[in-house]
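Trainee: My structure is in final_28.tsv, and what it holds is TSV, C-alpha atoms and all ligand atoms:
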```
chain	number	residue	atom	x	y	z
A	1	MET	CA	84.25	100.64	95.50
A	2	PRO	CA	87.86	100.70	94.29
A	3	PHE	CA	89.37	103.76	92.70
A	4	PRO	CA	89.29	103.68	88.92
A	5	SER	CA	92.41	102.13	87.45
A	6	CYS	CA	95.15	104.38	86.18
A	7	THR	CA	94.42	103.19	82.69
A	8	PRO	CA	96.94	102.97	79.86
A	9	GLY	CA	96.47	105.50	77.12
A	10	SER	CA	95.68	108.47	79.32
A	11	THR	CA	97.05	111.86	78.35
A	12	ASN	CA	100.74	111.61	77.69
A	13	SER	CA	101.84	114.12	75.11
A	14	VAL	CA	105.53	114.07	75.96
A	15	ALA	CA	106.20	110.37	75.90
A	16	ILE	CA	106.94	109.64	72.24
A	17	ASP	CA	109.25	112.61	71.75
A	18	ASP	CA	110.97	111.74	74.98
A	19	LEU	CA	111.53	108.16	73.97
A	20	VAL	CA	113.06	109.25	70.67
A	21	ARG	CA	115.26	111.80	72.41
A	22	ARG	CA	116.25	109.27	75.05
A	23	ARG	CA	117.38	106.76	72.43
A	24	GLU	CA	119.53	109.45	70.81
A	25	ILE	CA	121.15	110.36	74.13
A	26	LEU	CA	121.66	106.72	75.00
A	27	SER	CA	123.36	105.93	71.71
A	28	GLU	CA	125.64	108.97	72.09
A	29	GLN	CA	126.57	108.02	75.62
A	30	GLU	CA	126.91	104.34	74.78
A	31	ASN	CA	129.65	105.28	72.33
A	32	ASP	CA	131.37	107.52	74.84
A	33	PRO	CA	134.47	105.66	76.13
A	34	GLU	CA	134.63	108.14	79.03
A	35	SER	CA	131.25	107.08	80.36
A	36	LYS	CA	131.66	105.73	83.90
A	37	PHE	CA	128.48	103.76	84.15
A	38	ARG	CA	126.89	101.09	82.06
A	39	LEU	CA	123.56	101.42	80.34
A	40	ALA	CA	120.63	99.22	81.11
A	41	ASN	CA	120.34	96.23	78.79
A	42	GLN	CA	116.69	95.50	79.40
A	43	PRO	CA	115.06	98.60	80.77
A	44	MET	CA	112.01	97.62	82.81
A	45	THR	CA	111.79	98.62	86.45
A	46	LEU	CA	113.41	97.09	89.50
A	47	PHE	CA	110.80	96.65	92.20
A	48	TYR	CA	111.86	96.36	95.83
A	49	TYR	CA	109.54	94.88	98.40
A	50	ASP	CA	110.11	92.61	101.40
A	51	PRO	CA	107.52	91.23	103.84
A	52	VAL	CA	109.76	92.37	106.71
A	53	PHE	CA	108.35	95.86	106.06
A	54	LEU	CA	105.01	94.60	107.38
A	55	GLU	CA	106.68	93.57	110.64
A	56	HIS	CA	107.43	97.18	111.60
A	57	GLU	CA	104.30	97.15	113.74
A	58	THR	CA	102.77	100.47	114.72
A	59	GLY	CA	99.20	99.48	115.63
A	60	GLY	CA	96.64	102.15	114.81
A	61	HIS	CA	99.27	104.73	113.83
A	62	PRO	CA	98.63	106.27	110.37
A	63	GLU	CA	101.98	104.90	109.17
A	64	ASN	CA	101.07	101.23	109.49
A	65	ALA	CA	101.53	97.98	107.58
A	66	GLY	CA	98.08	98.31	106.01
A	67	ARG	CA	99.55	100.95	103.69
A	68	LEU	CA	101.90	98.51	102.00
A	69	ARG	CA	99.37	95.69	102.08
A	70	ALA	CA	96.99	97.93	100.10
A	71	VAL	CA	99.75	98.78	97.61
A	72	MET	CA	100.74	95.16	97.06
A	73	ARG	CA	97.11	94.02	96.75
A	74	ARG	CA	96.46	96.63	94.10
A	75	LEU	CA	99.64	95.91	92.12
A	76	GLU	CA	98.82	92.21	92.16
A	77	GLU	CA	95.19	92.78	91.21
A	78	TYR	CA	96.14	94.88	88.18
A	79	LYS	CA	99.28	92.83	87.41
A	80	VAL	CA	101.30	96.04	87.47
A	81	HIS	CA	104.55	94.49	88.55
A	82	ALA	CA	104.07	91.05	86.97
A	83	ASN	CA	107.08	91.47	84.70
A	84	PHE	CA	109.15	93.73	86.90
A	85	VAL	CA	112.43	92.44	88.25
A	86	MET	CA	112.25	91.93	92.01
A	87	PRO	CA	115.83	91.78	93.32
A	88	THR	CA	116.95	90.27	96.57
A	89	TRP	CA	119.21	92.49	98.63
A	90	LYS	CA	120.87	92.90	102.00
A	91	PRO	CA	120.01	95.36	104.75
A	92	ALA	CA	122.11	98.53	104.80
A	93	THR	CA	125.39	98.03	106.62
A	94	ILE	CA	126.26	100.09	109.68
A	95	ASP	CA	128.93	101.73	107.54
A	96	GLN	CA	126.34	102.76	104.90
A	97	LEU	CA	124.01	104.12	107.60
A	98	CYS	CA	126.90	106.06	109.15
A	99	HIS	CA	127.48	107.94	105.90
A	100	VAL	CA	124.26	109.75	106.85
A	101	HIS	CA	123.67	109.13	110.57
A	102	THR	CA	125.89	109.24	113.63
A	103	ALA	CA	127.01	105.89	115.01
A	104	GLU	CA	125.29	106.86	118.28
A	105	ALA	CA	121.95	107.42	116.52
A	106	VAL	CA	122.16	104.03	114.80
A	107	ASP	CA	123.08	102.32	118.05
A	108	ASP	CA	120.37	104.13	120.02
A	109	ILE	CA	117.69	102.94	117.58
A	110	ARG	CA	118.98	99.35	117.68
A	111	LYS	CA	119.04	99.33	121.49
A	112	PHE	CA	115.59	100.92	121.80
A	113	VAL	CA	114.13	98.29	119.48
A	114	GLU	CA	115.93	95.46	121.29
A	115	SER	CA	114.60	96.70	124.61
A	116	GLY	CA	111.05	96.10	123.40
A	117	GLY	CA	110.23	99.18	121.34
A	118	GLY	CA	107.52	101.75	121.93
A	119	GLN	CA	107.47	105.47	121.22
A	120	ILE	CA	110.99	106.40	120.12
A	121	GLU	CA	110.12	110.05	119.53
A	122	GLN	CA	107.01	112.23	119.55
A	123	ASP	CA	105.44	110.81	116.37
A	124	THR	CA	107.29	107.54	115.82
A	125	LEU	CA	106.62	104.04	117.13
A	126	VAL	CA	108.85	100.99	116.84
A	127	SER	CA	108.40	97.27	117.49
A	128	LYS	CA	110.80	94.34	117.77
A	129	GLN	CA	111.33	93.98	114.00
A	130	SER	CA	111.62	97.71	113.29
A	131	PHE	CA	115.42	97.75	113.14
A	132	ALA	CA	115.35	94.89	110.60
A	133	ALA	CA	112.66	96.69	108.56
A	134	ALA	CA	114.45	100.04	108.66
A	135	THR	CA	117.86	98.66	107.69
A	136	THR	CA	116.19	96.62	104.91
A	137	ALA	CA	114.47	99.80	103.64
A	138	ALA	CA	117.74	101.74	103.59
A	139	GLY	CA	119.44	98.70	102.03
A	140	ALA	CA	116.86	98.73	99.22
A	141	ALA	CA	117.84	102.30	98.36
A	142	ALA	CA	121.52	101.36	98.40
A	143	ASP	CA	120.99	98.27	96.26
A	144	ALA	CA	118.71	100.04	93.78
A	145	VAL	CA	121.29	102.78	93.25
A	146	ARG	CA	124.06	100.23	92.76
A	147	ARG	CA	122.08	98.17	90.24
A	148	VAL	CA	120.80	101.15	88.27
A	149	LEU	CA	124.32	102.57	88.00
A	150	ALA	CA	125.63	99.14	86.99
A	151	GLY	CA	123.13	99.10	84.12
A	152	GLU	CA	120.94	96.27	85.37
A	153	ASP	CA	117.93	98.49	84.76
A	154	THR	CA	117.12	102.14	84.18
A	155	THR	CA	114.58	102.75	86.91
A	156	ALA	CA	113.78	101.33	90.33
A	157	PHE	CA	110.98	101.73	92.83
A	158	CYS	CA	111.38	100.79	96.49
A	159	ALA	CA	108.04	100.00	98.18
A	160	VAL	CA	109.49	100.35	101.65
A	161	ARG	CA	108.57	101.32	105.18
A	162	PRO	CA	109.38	102.93	107.54
A	163	PRO	CA	109.75	106.04	105.38
A	164	GLY	CA	112.92	108.10	105.65
A	165	HIS	CA	112.91	111.76	104.64
A	166	HIS	CA	112.40	113.27	108.11
A	167	ALA	CA	115.15	111.16	109.74
A	168	MET	CA	117.95	113.40	110.94
A	169	GLN	CA	121.63	112.70	111.28
A	170	SER	CA	121.35	112.26	115.05
A	171	HIS	CA	117.77	111.12	115.69
A	172	PRO	CA	114.59	109.57	114.24
A	173	MET	CA	111.72	111.91	113.39
A	174	GLY	CA	108.22	111.95	111.89
A	175	PHE	CA	107.61	108.20	111.35
A	176	CYS	CA	111.19	107.85	109.96
A	177	LEU	CA	114.13	105.94	111.48
A	178	PHE	CA	116.86	106.04	108.81
A	179	ASN	CA	116.97	108.43	105.86
A	180	ASN	CA	116.66	105.85	103.09
A	181	ILE	CA	117.09	108.21	100.15
A	182	ALA	CA	120.11	109.91	101.72
A	183	VAL	CA	121.75	106.51	102.27
A	184	GLY	CA	121.13	105.72	98.60
A	185	ALA	CA	122.51	109.04	97.39
A	186	ARG	CA	125.68	108.61	99.45
A	187	VAL	CA	126.17	105.16	97.88
A	188	ALA	CA	125.94	106.80	94.45
A	189	ILE	CA	128.61	109.33	95.40
A	190	GLU	CA	130.84	106.57	96.75
A	191	LEU	CA	130.48	104.81	93.40
A	192	GLY	CA	131.76	107.90	91.61
A	193	VAL	CA	128.62	109.85	90.75
A	194	GLU	CA	129.37	113.55	91.02
A	195	ARG	CA	125.87	115.02	90.78
A	196	VAL	CA	122.70	113.53	92.21
A	197	LEU	CA	119.29	115.22	92.02
A	198	ILE	CA	116.83	114.33	94.78
A	199	VAL	CA	113.25	115.49	94.26
A	200	ASP	CA	110.87	115.12	97.22
A	201	TRP	CA	107.16	115.53	96.44
A	202	ASP	CA	105.84	114.20	99.76
A	203	VAL	CA	103.36	116.71	101.22
A	204	HIS	CA	105.77	117.31	104.13
A	205	HIS	CA	109.10	119.06	103.79
A	206	GLY	CA	111.99	116.61	103.49
A	207	ASN	CA	113.87	118.22	106.36
A	208	GLY	CA	116.15	115.28	107.11
A	209	THR	CA	117.30	115.04	103.51
A	210	GLN	CA	117.75	118.80	103.28
A	211	ALA	CA	119.88	118.83	106.44
A	212	THR	CA	122.01	115.93	105.18
A	213	PHE	CA	122.95	117.64	101.92
A	214	TRP	CA	122.70	121.29	103.04
A	215	ASP	CA	126.29	122.14	102.14
A	216	ASP	CA	127.03	119.19	99.85
A	217	PRO	CA	128.12	120.20	96.32
A	218	ASN	CA	127.32	116.73	94.94
A	219	VAL	CA	123.59	116.67	95.69
A	220	GLY	CA	120.82	118.97	94.52
A	221	PHE	CA	117.68	118.75	96.65
A	222	LEU	CA	114.24	120.00	95.71
A	223	SER	CA	111.25	119.65	98.01
A	224	MET	CA	107.69	120.57	97.09
A	225	HIS	CA	105.45	120.51	100.16
A	226	ARG	CA	102.49	122.06	101.89
A	227	PHE	CA	103.60	125.14	103.83
A	228	PRO	CA	103.25	126.19	106.54
A	229	PHE	CA	102.94	122.62	107.77
A	230	TYR	CA	104.82	119.88	109.62
A	231	PRO	CA	107.78	119.90	110.28
A	232	GLY	CA	107.88	123.72	109.99
A	233	THR	CA	110.92	123.99	107.74
A	234	GLY	CA	111.01	124.32	103.95
A	235	ALA	CA	110.57	128.05	103.36
A	236	ALA	CA	111.62	129.31	99.94
A	237	ASP	CA	114.62	131.14	101.38
A	238	GLU	CA	116.23	127.90	102.61
A	239	THR	CA	118.69	127.36	99.76
A	240	GLY	CA	121.73	125.56	101.19
A	241	ALA	CA	125.08	126.85	102.35
A	242	GLY	CA	128.78	126.78	101.58
A	243	ALA	CA	129.62	124.58	98.62
A	244	GLY	CA	125.95	123.59	98.51
A	245	GLN	CA	124.62	127.14	98.30
A	246	GLY	CA	121.82	127.29	95.74
A	247	LEU	CA	121.55	123.50	95.43
A	248	THR	CA	118.64	123.26	97.88
A	249	VAL	CA	115.35	124.45	96.42
A	250	ASN	CA	112.14	124.66	98.42
A	251	LEU	CA	108.78	124.97	96.77
A	252	PRO	CA	106.24	125.77	99.49
A	253	ILE	CA	102.62	125.17	98.46
A	254	ARG	CA	99.74	126.90	100.22
A	255	PHE	CA	96.67	124.85	101.14
A	256	GLY	CA	94.08	125.36	98.42
A	257	THR	CA	96.54	125.65	95.52
A	258	SER	CA	95.10	123.99	92.41
A	259	PRO	CA	96.80	120.85	91.07
A	260	LYS	CA	97.40	122.61	87.75
A	261	ASN	CA	99.20	125.48	89.43
A	262	GLN	CA	101.13	123.10	91.70
A	263	ILE	CA	102.32	120.89	88.84
A	264	SER	CA	103.28	123.89	86.74
A	265	GLN	CA	105.46	125.21	89.58
A	266	PHE	CA	106.88	121.72	90.06
A	267	ARG	CA	107.82	121.36	86.39
A	268	ASN	CA	109.54	124.74	86.28
A	269	ALA	CA	111.47	124.20	89.51
A	270	VAL	CA	112.58	120.66	88.68
A	271	GLU	CA	113.70	121.55	85.16
A	272	SER	CA	115.53	124.61	86.40
A	273	LEU	CA	117.49	122.77	89.10
A	274	ALA	CA	118.22	119.85	86.73
A	275	ASP	CA	119.54	122.25	84.09
A	276	LYS	CA	121.72	123.85	86.75
A	277	ILE	CA	123.36	120.67	88.04
A	278	SER	CA	122.93	118.23	85.13
A	279	PRO	CA	122.47	115.19	87.40
A	280	GLN	CA	123.89	111.78	86.55
A	281	LEU	CA	121.29	110.10	88.77
A	282	VAL	CA	117.78	111.23	89.68
A	283	MET	CA	116.14	110.08	92.92
A	284	ILE	CA	112.56	110.63	94.06
A	285	SER	CA	111.20	110.77	97.61
A	286	ALA	CA	107.78	109.66	96.44
A	287	GLY	CA	105.22	110.50	99.09
A	288	PHE	CA	101.56	110.37	98.15
A	289	ASP	CA	100.09	112.27	101.10
A	290	SER	CA	99.34	115.33	99.00
A	291	HIS	CA	96.46	113.27	97.53
A	292	ILE	CA	93.07	114.91	97.94
A	293	HIS	CA	91.80	111.95	100.01
A	294	ASP	CA	94.80	111.80	102.32
A	295	PRO	CA	93.78	112.25	105.96
A	296	ILE	CA	97.08	113.89	106.97
A	297	GLY	CA	98.38	115.94	104.06
A	298	SER	CA	95.47	116.68	101.80
A	299	LEU	CA	96.44	119.09	99.11
A	300	GLU	CA	94.27	118.61	96.05
A	301	LEU	CA	96.29	116.22	93.91
A	302	GLU	CA	94.57	113.20	92.39
A	303	SER	CA	96.21	109.91	91.50
A	304	GLU	CA	96.71	110.82	87.84
A	305	ASP	CA	98.69	113.89	88.88
A	306	PHE	CA	101.40	111.52	90.07
A	307	THR	CA	101.53	110.14	86.52
A	308	THR	CA	102.22	113.66	85.25
A	309	MET	CA	104.87	114.38	87.87
A	310	THR	CA	106.56	111.05	87.13
A	311	GLN	CA	106.59	111.91	83.42
A	312	ILE	CA	108.24	115.23	84.25
A	313	MET	CA	110.89	113.36	86.24
A	314	ARG	CA	111.43	110.89	83.41
A	315	ALA	CA	111.94	113.67	80.91
A	316	VAL	CA	114.52	115.28	83.22
A	317	ALA	CA	116.26	111.95	83.82
A	318	ASP	CA	116.29	111.23	80.09
A	319	THR	CA	117.82	114.61	79.30
A	320	HIS	CA	120.54	114.50	81.93
A	321	ALA	CA	120.94	111.08	83.52
A	322	MET	CA	120.49	108.46	80.80
A	323	GLY	CA	117.01	107.89	82.18
A	324	ARG	CA	118.22	106.69	85.58
A	325	ILE	CA	115.65	107.11	88.35
A	326	VAL	CA	115.60	105.50	91.78
A	327	SER	CA	112.31	106.23	93.54
A	328	LEU	CA	111.44	105.48	97.15
A	329	LEU	CA	108.09	105.41	98.90
A	330	GLU	CA	107.72	108.02	101.63
A	331	GLY	CA	104.26	109.01	102.99
A	332	GLY	CA	100.67	108.40	101.91
A	333	TYR	CA	98.06	107.54	104.54
A	334	HIS	CA	94.83	106.78	102.69
A	335	PRO	CA	95.47	103.15	101.73
A	336	ALA	CA	93.29	103.06	98.59
A	337	ALA	CA	94.49	106.46	97.34
A	338	LEU	CA	98.08	105.48	98.10
A	339	ALA	CA	97.74	102.19	96.23
A	340	GLU	CA	96.23	103.86	93.18
A	341	SER	CA	98.83	106.64	93.21
A	342	VAL	CA	101.70	104.14	93.45
A	343	GLU	CA	100.19	102.29	90.50
A	344	CYS	CA	100.14	105.52	88.47
A	345	HIS	CA	103.72	106.29	89.48
A	346	LEU	CA	104.94	102.81	88.55
A	347	ARG	CA	103.20	102.72	85.19
A	348	ALA	CA	104.76	106.06	84.29
A	349	LEU	CA	108.16	105.07	85.69
A	350	SER	CA	108.49	101.91	83.63
A	351	THR	CA	109.56	102.24	80.10
A	352	GLY	CA	106.85	100.87	77.88
A	353	PRO	CA	105.42	102.98	75.06
A	354	GLY	CA	103.48	105.96	76.29
A	355	GLY	CA	105.17	105.92	79.66
A	356	HIS	CA	103.18	102.92	80.81
A	357	ALA	CA	104.30	99.46	81.80
A	358	GLU	CA	104.07	96.87	79.05
A	359	THR	CA	102.19	94.77	81.54
A	360	SER	CA	99.47	97.41	81.85
A	361	GLN	CA	97.84	96.04	78.73
A	362	ASN	CA	96.87	93.03	80.79
A	363	GLY	CA	95.58	94.97	83.76
A	401	ZN	ZN	104.55	113.09	104.37
```
Could you rewrite the structure in this file as C-alpha cells?
Mentor:
Amino acid sequence: MPFPSCTPGSTNSVAIDDLVRRREILSEQENDPESKFRLANQPMTLFYYDPVFLEHETGGHPENAGRLRAVMRRLEEYKVHANFVMPTWKPATIDQLCHVHTAEAVDDIRKFVESGGGQIEQDTLVSKQSFAAATTAAGAAADAVRRVLAGEDTTAFCAVRPPGHHAMQSHPMGFCLFNNIAVGARVAIELGVERVLIVDWDVHHGNGTQATFWDDPNVGFLSMHRFPFYPGTGAADETGAGAGQGLTVNLPIRFGTSPKNQISQFRNAVESLADKISPQLVMISAGFDSHIHDPIGSLELESEDFTTMTQIMRAVADTHAMGRIVSLLEGGYHPAALAESVECHLRALSTGPGGHAETSQNG
C-alpha cells in the first residue's frame, strides 16, 4: 500500500502572499543596476539525477541505491518532475573538492576506491564506482549553484548519493564521502556571493558542514537535529568562532518532541538567522530521516511536515535571496517514506500557485 500522495491544495496559507511579495522584490531587484546576479527567466525547478548514483553499491547498508530508486519511481509515477529541467553536468573538479577537503583526503578516497573498495570508515562502504558517484554528487551541487545564480532557474533539487553533510575536511564519515553542500556553497562564494545560508534539517547534526564554515563570515549554518544522537555534536552552545561567531546555530531536538513544536522552533530559528545575515543564496541539506517511519532517525515528522518546512524556506529565500534555493538530498532510510517526503519537498519547492508544481495537477 503506497503512502497517500502529497496532494495539491493542502494547507498553504502563506503561498499567495509570498508570491505577491516575491514579485515585488523581484521587480525591485530586476531594476537594480547594482545587482550581481541575473533573475530566473522561467522559474521551475532544476532537477539533478544521474544513474551513476545507483552504482555506489553498498549492499544491505541502510544508505543503498534502493533509496534513490524509490524516489525516482515515485516521482515518475506521480509525474512530479515531468516538466522540470534536468541539466547535464560534470563531476566536481579536484580543485572544487579541495576548497572543502584536503588534497590528501580526496586522493585517499580515490585510491581506496581504485583498490577495490570496502569499508572506508566505521559506517561507510564504497565500491568501484563510488568515486565517480561522489564527485558527480558534489558536481551537481556546484552546477546547481552556478545555474541558479546565473538565472537559469530559481530553485534546484539534487537527488544525489552518497550524501555529504558528515564528510569532514580530512576524512569521510557517516555514509558521506565529499561534503556536497559545502562544495556548492564555496562555488557560490567564488562567484561573488557574500552571504550564503545553509539549513540542514536531516535528523543528524551536519557536523562536517558546521566544521567547514565554523569561522567563515560568508556562510550562516543552521542545523536542526535529534540530540543527543549521532554524531554527538550539535549542542545549542556550538555557535561558531572568530569571524563566524554567531553564524552557526544548532537546534537540538529531544526524542518525543511533537512535530508542531519542532516546526515552530525551526521557523523561529531559520527566520532569525536569515534576518541576521540576509542571505543572497539559500541552500538546504534535505535529509528525510526525521520521518516517523524512518528506521534510523525517527523523530515524529510526517511527509507533509516537509512541505511546511520547505514553504518556510521559500518564504525566507523570497524575502532575502530573490527566491534562490539549492537543495540537496542527505539522509532518509525508509524508501517509501523518503520517496513521499521528497515528493512533498519538490512540490513545495517548485513555483506553481500554492507552492505546488504545475505538473501536480496531472499527478
Ligand atoms: Zn541523517
Trainee: Using all atoms listed in the file, which of A:Glu152, A:Asp294, A:Asp202, A:Glu114 sits nearest ligand ZN 401 (chain A)?
Mentor: A:Asp202
Trainee: I need the residue nearest ligand ZN 401 (chain A) from this list: A:Arg74, A:His56, A:His320, A:His204. Use all atoms listed in the file for the distance.
Mentor: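 Smallest separation from ligand ZN 401 (chain A) among the options: A:His204.
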Trainee: Put a box with edges along x, y and z around all the listed atoms of region 213-232 of chain A, pad it by 8 Å on each side, then give me its centre and sizes in Å, one decimal, as JSON.
Mentor:
```
{"center_x": 115.3, "center_y": 121.4, "center_z": 102.4, "size_x": 41.6, "size_y": 25.5, "size_z": 31.8}
```
Trainee: Do you know which residues are at most 7 Å from Glu343 (chain A) counting all atoms listed in the file, after dropping those on the same chain fewer than 3 positions away, and could you put them as a ChimeraX atom specification?
Mentor: /A:6,75,339-340,346-347
Trainee: Using only C-alpha atoms and all ligand atoms, which protein or nucleic acid residues are at most 12 Å from ligand ZN 401 (chain A), as a PyMOL selection string?
Mentor: chain A and resi 62-63+162-166+173-176+200-207+223-226+229-231+285-291+294-299+329-334+338
Trainee: In Å, how far is it from CA of Thr155 (chain A) to CA of Ser327 (chain A)?
Mentor: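 For CA of Thr155 (chain A) relative to CA of Ser327 (chain A), the distance reads 7.8 Å.
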Trainee: Nearest to His61 (chain A) among A:Asp95, A:Asp216, A:Asp108, A:Asp123, with distances taken over all atoms listed in the file: which residue is it?
Mentor: A:Asp123
Trainee: Write out as a PyMOL selection string each polymer residue whose atoms come within 8 Å of Ala236 (chain A), counting all atoms listed in the file; drop sequence neighbours fewer than 2 positions from it.
Mentor: chain A and resi 234+238-239+249-252
